[in-house]
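S.K.: Let me begin by handing over the structure; questions about it come next.
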There are 2 protein chains.
Amino acid sequence: MKIGVLGTGMVGQAIAGKLVALGHEVTMGSRTADNPKASEWSGGAGERASNGTYADAAAFGELVFNCTAGAGSLEALAAAGADNLRGKILVDVANPLDFSKGMPPSLFVSGDDSLGEQIQRAYPDTHVVKTLNTINCQLMVDPGKVPGDHVVFVSGNDAGAKSRVTSLLTEGFGWKQVLDLGDISTARGTEAYLLLWLRLWGAIGNADFNITIAKA
Amino acid sequence: MKIGVLGTGMVGQAIAGKLVALGHEVTMGSRTADNPKASEWSGGAGERASNGTYADAAAFGELVFNCTAGAGSLEALAAAGADNLRGKILVDVANPLDFSKGMPPSLFVSGDDSLGEQIQRAYPDTHVVKTLNTINCQLMVDPGKVPGDHVVFVSGNDAGAKSRVTSLLTEGFGWKQVLDLGDISTARGTEAYLLLWLRLWGAIGNADFNITIAKA
């Protein structure tokens, strides 16, 4: 499949690298076509990897990942362009982290709204699926790094889109447990969880952890 | 031990009932000394159970549980009185749920503050320990209802207070995993998790669940 990955940071590199390894063609998008990190990545990632602007990556992808920092996601998506995203699945991995008051960050949207919903409202003709935002980027694409049936969540309004993303998560990324929380408003839950994730990170001392759902 | 339980709702009844069953003497406190729910509870809970005002319960307890609704917690604690709480451990089980915009609730404080911190700031001579706020009240006092080593968190500024509360959670309530997240500011994490808990509740269909930490 042709996939666009918006964002050149650790998350974008982890996702894009895994997708190429799985055999997909990937264009990594950034603000400028000559972004050094994206150029270096595509130069070293083989013939299925390329890079360009956000718009290039969104136009290229049948499916698009938003791996930009949450605070810049709406701006990056505006640069990607509604026409390039129309009718496509947008996998939103970003979190609305607000570092303006120092560490640990808080959230710039929470409670009665979420970044996932903001993106879905801004792109009503795109199927936004929020997922993978509750784990470290290395674990996103290598869940076996942590033993057990730990869980990744999906939130989105379109059942078909969630089903396709779930297949990519299970058959592609190797996730054993994918829990569909419901419509995109359930992204409020997974985004807010980041505040607990940050404290677990502090208590555990590294980012190689996740949660498992224990049920009666 | 003599324990005060502030709050007459499901959480207060679950905690107070368990404490009496463990052999503790418990006074359940409410706004008025003749609260029907508290009177009914103490009437049916044996000779170690009594009820009174918030101040009565706080004065009685060597250790005090805040089981009031989050939106009313600061008012209830003001009625309990700083003098009655001075030097004591206050186990804060409340969540800052805001139902003013309908269901599901949001949080009236989140991100760069928490209800646990608000309470600690208001009662600097009391050792606030936030715990048990991430599970349903039945599971709080009967963690064995759900199999596995699922986890309960403690947050607080005083190591001795957290140690005493941890003993009550393990030896008393039967918790196998108690994770100390750090100082009271880590309550931001567990309170924010409620937004995910609410969505898990919706997806799972009942409240008999919790999370386990999976680590590398």
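Just so we're on the same page: first chain in the structure tokens is A, next is B, and so on; residues restart at 1 for each chain, and ligands are numbered from 1 in the order they show up.
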Can you tell me, as a list in words, what residues are no more than 10 Å from B:Gly46 when counting only C-alpha atoms, ignoring any on the same chain fewer than 5 positions away?
M.R.: Gly17, Val20, Ala21, Glu25 and Trp41 of chain B
S.K.: When you get a sec, could you note down which chain A residues fall within 7 Å of chain B, using only C-alpha atoms, as a count of residues only?
M.R.: 30
S.K.: Can you list, as a ChimeraX atom specification, all residues belonging to stretch 17-214 of chain A that DSSP tags as strand (DSSP E)?
M.R.: /A:25-30,49-53,63-66,89-92,97-98,106-107,127-131,151-156,177-182,209-214
S.K.: Name the residues in contact with A:Leu132 at a cut-off of 12 Å, using only C-alpha atoms, excluding same-chain residues fewer than 6 positions from it; report them as an MDAnalysis selection string.
M.R.: chainID A and resid 11 14:15 65:67 91:95 138:143 151:155 165:166 168:169 173 175 177:179 187 190:191 194 210
S.K.: Can you measure atom CA of A:Ile184 to atom CA of A:Leu90 for me? One decimal in Å is fine.
M.R.: 12.0 Å
S.K.: Distance atom CA of B:Ala49-atom CA of B:Val26, one decimal place?
M.R.: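 Spanning atom CA of B:Ala49 to atom CA of B:Val26 is a straight-line distance of 5.0 Å.
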S.K.: Using only C-alpha atoms, find the one residue out of A:Ala45, A:Leu85, A:Ala33, A:Ala159 that sits nearest to A:Lys18.
M.R.: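 Looking at the shortest contact to A:Lys18, the residue is A:Ala45.
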